[in-house]
Structures are given as structure tokens and as C-alpha cells.
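data23.cif follows (mmCIF, C-alpha atoms):
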data_final
loop_
_atom_site.label_atom_id
_atom_site.label_comp_id
_atom_site.auth_asym_id
_atom_site.auth_seq_id
_atom_site.Cartn_x
_atom_site.Cartn_y
_atom_site.Cartn_z
CA GLU C 1 95.92 38.33 68.70
CA ASN C 2 98.67 38.86 66.13
CA ALA C 3 101.19 38.77 68.99
CA ILE C 4 99.65 35.54 70.21
CA LEU C 5 99.91 34.05 66.75
CA ASN C 6 103.60 34.97 66.59
CA SER C 7 104.40 33.57 70.06
CA VAL C 8 102.57 30.25 69.60
CA ASN C 9 103.63 27.54 67.27
CA ILE C 10 101.24 27.93 64.34
CA GLN C 11 101.68 24.35 63.32
CA ASN C 12 99.81 23.20 66.47
CA ILE C 13 96.77 25.44 65.77
CA PRO C 14 94.01 24.32 63.37
CA SER C 15 93.70 26.34 60.19
CA ASP C 16 90.09 27.36 60.87
CA GLU C 17 91.07 28.71 64.30
CA ILE C 18 93.82 30.80 62.71
CA GLU C 19 91.30 32.23 60.23
CA ARG C 20 88.88 33.08 63.04
CA ARG C 21 91.59 34.85 65.05
CA THR C 22 92.66 36.80 61.99
CA LEU C 23 89.02 37.74 61.29
CA ARG C 24 88.54 38.98 64.87
CA ALA C 25 91.73 41.04 64.58
CA ARG C 26 90.42 42.70 61.40
CA TYR C 27 87.08 43.45 63.09
CA ARG C 28 88.89 45.10 66.01
CA THR C 29 90.96 47.12 63.57
CA LEU C 30 87.80 48.34 61.82
CA ALA C 31 86.23 49.33 65.14
CA LYS C 32 89.41 51.15 66.20
CA ASN C 33 89.64 53.05 62.90
CA ALA C 34 85.93 53.97 63.12
CA THR C 35 86.47 55.42 66.60
CA GLU C 36 89.56 57.38 65.57
CA GLN C 37 87.93 58.68 62.37
CA LYS C 38 84.58 59.64 63.89
CA ASP C 39 84.69 63.18 62.48
CA ALA C 40 85.08 61.78 58.97
CA MET C 41 82.35 59.19 59.60
CA VAL C 42 79.71 61.79 60.44
CA ARG C 43 80.39 64.13 57.52
CA VAL C 44 77.41 64.85 55.31
CA ASP C 45 79.03 63.24 52.28
CA GLY C 46 78.96 59.86 54.03
CA ILE C 47 81.94 58.53 52.05
CA ALA C 48 83.96 57.31 55.04
CA LEU C 49 80.91 55.73 56.65
CA ARG C 50 80.02 53.91 53.41
CA GLN C 51 83.57 52.59 53.03
CA CYS C 52 83.60 51.26 56.57
CA LEU C 53 80.20 49.60 56.08
CA ASP C 54 81.37 47.96 52.85
CA ALA C 55 84.46 46.61 54.62
CA ALA C 56 82.30 45.23 57.45
CA ASP C 57 79.94 43.59 54.96
CA ALA C 58 82.89 41.93 53.25
CA GLU C 59 84.13 40.52 56.56
CA PHE C 60 80.65 39.32 57.56
CA SER C 61 80.62 36.74 54.76
CA LYS C 62 83.41 34.92 56.63
CA VAL C 63 81.69 34.90 60.03
CA LYS C 64 80.79 31.42 61.26
CA LYS C 65 80.96 31.45 65.06
CA ALA C 66 79.34 33.47 67.85
CA ARG C 67 82.51 35.31 68.89
CA GLU C 68 82.88 36.84 65.45
CA GLN C 69 79.15 37.64 65.33
CA VAL C 70 79.48 39.60 68.57
CA LEU C 71 82.27 41.75 67.13
CA ASP C 72 80.27 42.29 63.94
CA SER C 73 77.19 43.37 65.96
CA GLN C 74 79.26 45.78 68.07
CA LEU C 75 80.77 47.36 64.95
CA LEU C 76 77.35 47.63 63.32
CA CYS C 77 75.90 49.34 66.40
CA GLN C 78 78.79 51.81 66.41
CA LEU C 79 78.33 52.65 62.73
CA SER C 80 74.54 52.93 63.21
CA ALA C 81 75.10 55.56 65.89
CA TYR C 82 77.32 57.47 63.48
CA GLY C 83 74.61 57.21 60.83
CA VAL C 84 72.01 58.66 63.20
CA GLU C 85 74.33 61.57 64.01
CA LEU C 86 74.91 62.15 60.30
CA ALA C 87 71.17 62.08 59.57
CA LYS C 88 70.52 64.72 62.23
CA LYS C 89 72.85 67.06 60.36
CA LEU C 90 70.68 66.73 57.25
CA GLY C 91 67.40 67.47 59.03
CA ALA C 92 65.27 70.60 58.77
CA GLY C 93 66.77 71.99 61.94
CA ALA C 94 70.32 71.71 60.54
CA ALA C 95 69.93 73.12 57.03
CA SER C 96 73.36 74.78 57.18
CA ALA C 97 75.11 71.39 57.18
CA MET C 98 75.23 71.42 53.35
CA SER C 99 75.25 74.70 51.47
CA ALA C 100 74.44 75.37 47.83
CA LYS C 101 78.17 75.51 47.07
CA ASP C 102 78.66 72.04 48.55
CA LEU C 103 75.82 70.70 46.41
CA THR C 104 77.29 72.26 43.24
CA THR C 105 80.74 70.87 44.03
CA ARG C 106 79.38 67.34 44.48
CA LEU C 107 77.37 67.58 41.26
CA LYS C 108 80.51 68.55 39.36
CA LEU C 109 82.48 65.67 40.85
CA PHE C 110 79.71 63.30 39.84
CA CYS C 111 78.73 64.56 36.39
CA VAL C 112 81.83 66.27 34.91
CA ARG C 113 84.34 64.22 33.00
CA GLY C 114 88.00 65.04 32.85
CA VAL C 115 91.00 65.65 35.03
CA ASP C 116 89.70 68.83 36.70
CA PRO C 117 85.93 68.42 37.23
CA ILE C 118 85.66 71.56 39.38
CA ASN C 119 87.05 74.09 36.85
CA ALA C 120 86.30 72.27 33.57
CA PRO C 121 82.66 73.48 33.24
CA VAL C 122 83.83 77.11 33.43
CA ASP C 123 85.73 76.90 30.14
CA ASN C 124 83.56 74.17 28.53
CA PRO C 125 79.88 74.06 29.64
CA ALA C 126 79.36 70.92 27.57
CA ALA C 127 81.65 69.03 29.96
CA PHE C 128 78.75 68.67 32.41
CA ASP C 129 76.96 65.41 31.67
CA TRP C 130 73.31 66.37 32.05
CA GLU C 131 72.14 62.98 30.84
CA LYS C 132 73.92 61.24 33.73
CA LEU C 133 72.33 63.67 36.18
CA ALA C 134 68.86 62.83 34.85
CA THR C 135 69.16 59.08 34.37
CA THR C 136 70.84 58.25 37.69
CA PRO C 137 67.99 59.35 40.01
CA ALA C 138 65.37 58.28 37.46
CA ALA C 139 66.57 54.69 37.73
CA ARG C 140 65.53 54.73 41.39
CA PHE C 141 61.93 55.51 40.49
CA LEU C 142 61.48 53.59 37.23
CA VAL C 143 62.40 50.16 38.55
CA ARG C 144 58.74 49.32 39.10
CA PRO C 145 55.87 50.47 36.89
CA ALA C 146 53.32 52.87 38.24
CA VAL C 147 50.25 51.39 39.89
CA THR C 148 47.15 51.71 37.69
CA PHE C 149 43.49 50.79 38.08
CA SER C 150 41.15 49.32 35.49
CA CYS C 151 38.02 49.95 37.53
CA MET C 152 36.34 52.77 39.41
CA ASN C 153 37.97 53.42 42.77
CA GLY C 154 35.08 54.36 45.04
CA PRO C 155 31.59 55.76 44.44
CA MET C 156 30.96 58.77 42.22
CA ASP C 157 28.67 60.51 44.68
CA VAL C 158 30.14 60.75 48.15
CA GLN C 159 27.88 62.17 50.83
CA ILE C 160 29.39 64.09 53.72
CA LYS C 161 28.96 62.10 56.89
CA GLU C 162 26.94 63.92 59.50
CA ARG C 163 28.64 64.18 62.80
CA LYS C 164 26.76 62.42 65.53
CA VAL C 165 25.79 64.59 68.44
CA ALA C 166 27.29 63.25 71.62
CA GLN C 167 24.68 62.38 74.19
CA ARG C 168 25.74 62.91 77.73
CA ARG C 169 24.60 60.29 80.13
CA ALA C 170 23.28 61.26 83.49
CA LYS C 171 25.69 60.53 86.28
CA THR C 172 24.74 57.48 88.26
CA VAL C 173 24.64 58.12 91.97
CA VAL C 174 26.91 55.56 93.51
CA GLY C 175 26.20 54.47 97.05
CA GLU C 176 28.77 54.74 99.76
CA ALA C 177 31.34 51.95 99.78
CA VAL C 178 30.81 49.79 102.84
CA ASN C 179 33.22 47.14 104.10
CA PRO C 180 32.13 45.90 107.53
CA GLY C 181 35.43 44.15 108.18
CA THR C 182 37.66 47.26 108.05
CA MET C 183 38.13 50.41 110.10
CA ASP C 184 36.99 53.75 108.70
CA ASN C 185 39.77 56.20 107.91
CA ASN C 186 37.75 59.39 107.82
CA THR C 187 38.95 62.86 108.70
CA LYS C 188 37.29 64.10 111.89
CA THR C 189 38.31 66.97 114.06
CA GLU C 190 39.23 66.41 117.68
CA GLU C 191 36.05 68.12 118.86
CA GLU C 192 33.89 65.90 116.64
CA GLU C 193 35.56 62.74 117.94
CA GLN C 194 35.14 63.86 121.54
CA ARG C 195 31.45 64.64 120.94
CA GLU C 196 30.82 61.28 119.30
CA ILE C 197 32.65 59.35 122.06
CA THR C 198 30.70 61.14 124.79
CA ALA C 199 27.38 60.47 123.02
CA LEU C 200 28.32 56.82 122.47
CA MET C 201 29.27 56.41 126.15
CA ARG C 202 25.82 57.70 127.17
CA THR C 203 24.14 55.30 124.70
CA VAL C 204 26.10 52.25 125.90
CA PHE C 205 25.44 53.06 129.57
CA LYS C 206 21.72 53.68 128.88
CA VAL C 207 21.35 50.36 127.03
CA LEU C 208 23.14 48.54 129.87
CA LYS C 209 20.94 50.11 132.58
CA ASN C 210 17.72 49.32 130.72
CA GLU C 211 18.75 45.69 130.15
CA TYR C 212 19.91 45.43 133.76
CA LYS C 213 16.48 46.52 135.03
CA THR C 214 14.64 44.31 132.53
CA ASN C 215 16.41 41.07 133.43
CA GLY C 216 16.01 41.55 137.20
CA ASN C 217 19.28 43.24 138.03
CA LYS C 218 21.34 40.52 136.42
CA GLY C 219 24.57 41.19 134.62
CA VAL C 220 24.81 41.52 130.85
CA LEU C 221 27.39 39.69 128.77
CA LEU C 222 29.91 42.18 127.46
CA ALA C 223 29.88 40.53 124.01
CA ASP C 224 26.10 41.01 123.72
CA LEU C 225 26.49 44.63 124.78
CA VAL C 226 29.23 45.76 122.36
CA CYS C 227 29.01 43.40 119.37
CA ASN C 228 27.68 44.73 116.06
CA ARG C 229 27.22 41.93 113.55
CA ASP C 230 27.21 44.38 110.63
CA SER C 231 30.37 46.38 111.38
CA PHE C 232 33.75 45.56 112.88
CA ALA C 233 34.52 49.28 113.23
CA GLN C 234 31.39 49.98 115.32
CA THR C 235 32.14 46.96 117.51
CA VAL C 236 35.54 48.48 118.25
CA GLU C 237 33.91 51.84 118.98
CA ASN C 238 31.48 50.19 121.40
CA LEU C 239 34.38 48.46 123.17
CA PHE C 240 36.19 51.78 123.29
CA ALA C 241 33.21 53.48 124.93
CA ALA C 242 32.81 50.60 127.40
CA SER C 243 36.48 50.92 128.41
CA PHE C 244 35.93 54.60 129.28
CA LEU C 245 32.88 53.68 131.34
CA VAL C 246 34.94 51.09 133.25
CA ARG C 247 37.66 53.68 133.83
CA ASP C 248 35.17 56.23 135.15
CA GLY C 249 33.53 53.64 137.46
CA ASN C 250 30.16 53.50 135.65
CA ILE C 251 30.54 49.80 134.72
CA ARG C 252 31.87 46.93 136.78
CA LEU C 253 33.15 43.79 135.04
CA SER C 254 33.29 40.28 136.45
CA ASP C 255 34.00 36.76 135.19
CA SER C 256 31.35 34.06 134.84
CA ASP C 257 31.01 30.67 133.19
CA GLU C 258 29.35 32.29 130.15
CA GLY C 259 31.97 35.04 129.78
CA ILE C 260 32.68 38.59 130.95
CA VAL C 261 29.63 40.15 132.64
CA ALA C 262 29.00 43.90 132.83
CA LYS C 263 26.87 45.62 135.49
CA PRO C 264 26.04 49.31 135.88
CA THR C 265 27.30 51.04 139.04
CA GLU C 266 27.15 54.50 140.50
CA LYS C 267 30.05 56.69 139.54
CA PRO C 268 32.36 57.30 142.54
CA LYS C 269 32.32 60.74 144.06
CA GLU C 270 35.29 62.97 144.69
CA SER C 271 35.20 62.08 148.36
CA ASP C 272 35.43 58.36 147.51
CA TRP C 273 38.54 58.97 145.52
CA ALA C 274 39.99 61.12 148.29
CA SER C 275 39.27 58.57 151.02
CA GLY C 276 40.64 55.66 148.98
CA THR C 277 37.42 53.66 148.88
CA ALA C 278 37.29 54.06 145.08
CA HIS C 279 39.97 52.46 142.98
CA ALA C 280 40.92 53.12 139.38
CA ALA C 281 40.19 50.27 136.97
CA GLN C 282 41.38 49.48 133.46
CA PHE C 283 39.77 47.47 130.69
CA VAL C 284 42.32 46.20 128.13
CA VAL C 285 41.41 43.69 125.43
CA ASN C 286 43.14 42.41 122.27
CA PHE C 287 40.55 42.51 119.50
CA SER C 288 41.04 41.67 115.80
CA PRO C 289 38.72 41.05 112.82
CA ALA C 290 39.13 37.31 113.42
CA ASP C 291 37.94 37.77 117.02
CA TRP C 292 34.99 39.81 115.77
CA LYS C 293 33.94 37.02 113.36
CA GLU C 294 34.12 34.48 116.16
CA MET C 295 32.19 36.80 118.51
CA LYS C 296 29.34 37.11 115.98
CA GLU C 297 28.79 33.35 116.11
CA HIS C 298 28.39 33.27 119.92
CA VAL C 299 26.44 36.49 120.53
CA GLY C 300 22.84 35.78 121.49
CA ARG C 301 21.18 39.16 121.08
CA GLN C 302 22.70 42.33 119.66
CA MET C 303 21.86 45.18 122.04
CA MET C 304 23.57 48.10 120.31
CA ALA C 305 21.83 49.15 117.10
CA HIS C 306 23.80 49.73 113.92
CA ARG C 307 24.62 53.41 113.36
CA GLN C 308 24.42 54.83 109.84
CA PRO C 309 27.50 56.88 108.83
CA VAL C 310 26.94 60.64 108.99
CA PRO C 311 28.16 62.62 105.95
CA GLN C 312 30.97 65.11 106.51
CA ALA C 313 28.82 68.11 105.60
CA LYS C 314 26.09 67.07 108.05
CA ARG C 315 28.66 66.61 110.81
CA ALA C 316 29.99 70.08 110.09
CA ARG C 317 26.48 71.59 110.29
CA ALA C 318 25.86 69.72 113.53
CA GLY C 319 29.11 71.06 114.96
CA ASP C 320 28.18 74.62 113.97
CA GLY C 321 24.79 74.16 115.64
CA GLU C 322 26.39 72.97 118.88
CA ALA C 323 28.78 75.92 118.84
CA GLU C 324 25.86 78.31 118.28
CA LYS C 325 23.94 76.82 121.23
CA VAL C 326 26.98 77.19 123.48
CA SER C 327 27.42 80.83 122.46
CA LYS C 328 23.73 81.53 123.13
CA ARG C 329 23.96 79.95 126.59
CA LYS C 330 27.00 82.09 127.39
CA LYS C 331 25.09 85.20 126.37
#

Will you turn the file into C-alpha cells for me?
Amino acid sequence: ENAILNSVNIQNIPSDEIERRTLRARYRTLAKNATEQKDAMVRVDGIALRQCLDAADAEFSKVKKAREQVLDSQLLCQLSAYGVELAKKLGAGAASAMSAKDLTTRLKLFCVRGVDPINAPVDNPAAFDWEKLATTPAARFLVRPAVTFSCMNGPMDVQIKERKVAQRRAKTVVGEAVNPGTMDNNTKTEEEEQREITALMRTVFKVLKNEYKTNGNKGVLLADLVCNRDSFAQTVENLFAASFLVRDGNIRLSDSDEGIVAKPTEKPKESDWASGTAHAAQFVVNFSPADWKEMKEHVGRQMMAHRQPVPQAKRARAGDGEAEKVSKRKK
């Protein structure tokens, strides 16, 4: 900014602007000197750091605008970092930063009068001003009088507080979290899933056959057959089992005015498939929780009962029992 001041006609610049530019130039000079003299700034004597701080404080009294405040804050942050680095050298982990010789030398420079404060006490011990050494730190502590009390501070007889014995509360058995509108994300083995699907297919087909005989060989609405008002997940499982029954030829579906109707049929034989009289069928449906909520409102009678979830340990025992039965039959 000094170059700018030299190249521009100073007469056209307001006096306060010239002072601000000069102040910013001095701040930048202080920051530059602090960077170049970092080693001196972080010495344990702290003389260079104190001088730089005093110079910055003197310049701060002239700061009036935000631009100068920014430079002052940047310089203060820089000097604060140097102060932290200096303080680390004086910590317990860095006791070698100042030796006993350094302490003695600084005491001589502070308390010995004369031209040569380092060597003067050797020839004249009285040159060391012990009174200055005592009164200087004492002034730091005697500025305020000591705190006194004119009354008793606390009771005379203090009883030891008995420690309360912690009482452990019995653990409350929490029931299983149930959310009928979500799918279960349990960990089942492939054999367990296959067993449960096969058993569910038998149950769905048995319920359909019994209802078919009861109502005089009339079809059953698919929604009444698979819907479970208490669980979206079990409704999906019932639909899944019904789709396998349609694929295998055990259930035939047809349209009606009331909806999709399901009827039990005899499963085609191998000869029917070979001759071409039996045809493969697929049952594909898009089903969401919103569809399930709407289905619950239109279902007349729920045919499939709600199934209670089986704990993992019980499923494992059941699987071991099935494996044991199979091994016995093989024997």
C-alpha cells in the first residue's frame, strides 16, 4: 500500500483513508516480522512475543473499521498460536526447556544492579537486590486481602454418610414387537423356509377344499381365502402359497362379478403333462400395504387363522426333530 500511496495523488485521498492504509501496512509488517522471527517468539523468555503483543496493542487503539479489525484478529491468532507453543515448552513434559543456569541468569539480569549483572555478584554478593526479588512477586499476591470468616463454617460434628446399597431391579420381560403392516426380516435357513411353505400350502388347500364342500361346490373368493386382517406379512405368505398351488394345478382361478374366485382341482398327472392336456398356469399379483388395507375393508369372512410367530430356538428344535425322524426312517 506504500507503493499505491506514492503512485496516487495524495491530495485527492481523504486524510482518514490515508491513516487507515498506513495502519494496515503496519499491521502487515508486524505479521511478517512475527512469521520471520518465529524462533524468537517461542523462546521461553517470551521477550520477543511480549514486544510484538505490545506493538499490536498500541496499533489497536487506532482501529476504527472492519478491515483493520480483520488484520488485528489475524495477528492476534498468530501470536496466540506462538503463545501455546511456548507454554508447551514450560510444561511438565518439557522440563529441560529452562535449566537451573537459565533461571540464575535471568535472576541476575533482573535483580543485580550495575554494568555487568552476570559477573558482579561474584566479586560483590551485596550487588544482588534480594528485596526486589521478594517484593516483586509478593505484589502479585498482596493486591487483595485474604478472605476471612467471622462465623463457623459448617457443623462441628460431621457424620460420615452411609453409602446406599444399590438395589437391582428385576428385568421386565418385554413382549415381542409386532407391526402388522411390515414384513418380518428374520433369519431362516432354506430348509426351514421350504418346510414352512409346504405346510402352508397344505393348510391353504385344506381350508379351500373344506369351504368348497360346505358351500355346495361353489367357488371361494381369493381375498377371503388369503387375507389376514391382523398381519400384512401373513397375507403375503398366504398369497405366495396360493400362487404355488395354482402353478401345480391344485387351484383354478376364474373371474366373477364379486372378484377372483378360487376352486380346488385335482393335480394333473404326469401323463396329462406328457399328452398336452395339462397346461402350466401362473398367478402374478401386485400387492402393497395399501392394497392390504383396502382388502381388509371388503373381506367378508377371514378363512385363514392368524399364526403366532415361532421363536428361533423352537424352530431349531423342530428342525432337529424332523431330521431325527428322517434318519430313523432311513434306518

Can you pull out the residues contacting range 276-285 of chain C? Cut-off 6 Å, using all atoms listed in the file, and skip same-chain residues under 3 positions away; I want them as a PDB file with C-alpha atoms, in the frame of the given file.
ATOM      1  CA  SER C 243      36.480  50.920 128.410  1.00  0.00           C
ATOM      2  CA  ARG C 247      37.660  53.680 133.830  1.00  0.00           C
ATOM      3  CA  ASP C 272      35.430  58.360 147.510  1.00  0.00           C
ATOM      4  CA  TRP C 273      38.540  58.970 145.520  1.00  0.00           C
TER       5      TRP C 273
END

Original post:
Could you pull the residues within 10 Å of Leu109 in chain C, counting all atoms listed in the file, minus those fewer than 5 positions along the same chain, as a PyMOL selection string?
Top reply: chain C and resi 104+114+116-118+128

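Closest approach to Val207 in chain C from the set C:Leu225, C:Val44, C:Leu245, C:Ala55 is made by C:Leu225, with distances taken over all atoms listed in the file.
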
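Distances to Val261 in chain C were evaluated for C:Asp224, C:Asp16, C:Asp45, C:Asp102 using only C-alpha atoms, and the minimum falls at C:Asp224.
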
Original post:
Can you list, as a VMD selection string, the residues that the PyMOL selection byres ((chain C and resi 59) around 10) selects here?
Top reply: chain C and resid 23 to 24 26 to 27 53 to 58 60 to 63 68 72

Subject >> Å distance separating CA of Leu76 in chain C from CA of Ala31 in chain C, one decimal place >> reply: 9.2 Å

Original post:
CA of Gly249 in chain C and CA of His306 in chain C, how far apart in Å?
Top reply: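 Pair CA of His306 in chain C / CA of Gly249 in chain C returns 25.8 Å.
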
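Evaluated against this file, the PyMOL selection byres ((chain C and resi 264) around 8) yields Phe205, Leu208, Lys209, Tyr212, Asn250, Ile251, Arg252, Ala262, Lys263, Thr265 and Glu266 of chain C.
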
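In this model, the gap between CA of Asp255 in chain C and CA of Phe232 in chain C comes to 24.0 Å.
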
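Residues matched by the PyMOL selection byres ((chain C and resi 40) around 12) in this structure: Asn33, Ala34, Thr35, Glu36, Gln37, Lys38, Asp39, Met41, Val42, Arg43, Val44, Asp45, Gly46, Ile47, Ala48, Leu49, Arg50, Gln51, Cys52, Leu79, Tyr82, Gly83, Glu85 and Leu86 of chain C.
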
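Distances here use all atoms listed in the file; by that measure, the residue among C:Lys32, C:Lys296, C:Ala170, C:Leu253 closest to Thr235 in chain C is C:Lys296.
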
Original post:
Between C:Thr189, C:Leu221, C:Asn210, C:Ser275, which has the minimum distance to Asp257 in chain C (counting only C-alpha atoms)?
Top reply: C:Leu221

Subject >> Nearby residues (only C-alpha atoms) at most 12 Å from Glu237 in chain C, same-chain spacing under 5 positions excluded, as a list in words >> reply: Met183, Asp184, Glu193, Glu196, Ile197, Thr198, Ala199, Leu200, Met201, Thr203, Val204, Leu225, Val226, Cys227, Asn228, Ser231, Phe232, Ala242, Ser243, Phe244, Phe287, Met304, His306 and Arg307 of chain C

Around all the atoms of range 266-285 of chain C listed in the file, draw an axis-aligned box and extend it by 6 Å on each of the six sides; I want its centre and edge lengths in Å to one decimal, as JSON.
{"center_x": 34.7, "center_y": 53.3, "center_z": 138.2, "size_x": 27.2, "size_y": 31.3, "size_z": 37.6}

Original post:
Using all atoms listed in the file, which residues sit within 10 Å of Gly259 in chain C once same-chain residues fewer than 6 positions away are excluded, as a list in words?
Top reply: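 So the residues in contact are Val220, Leu221, Leu222 and Ala223 of chain C.
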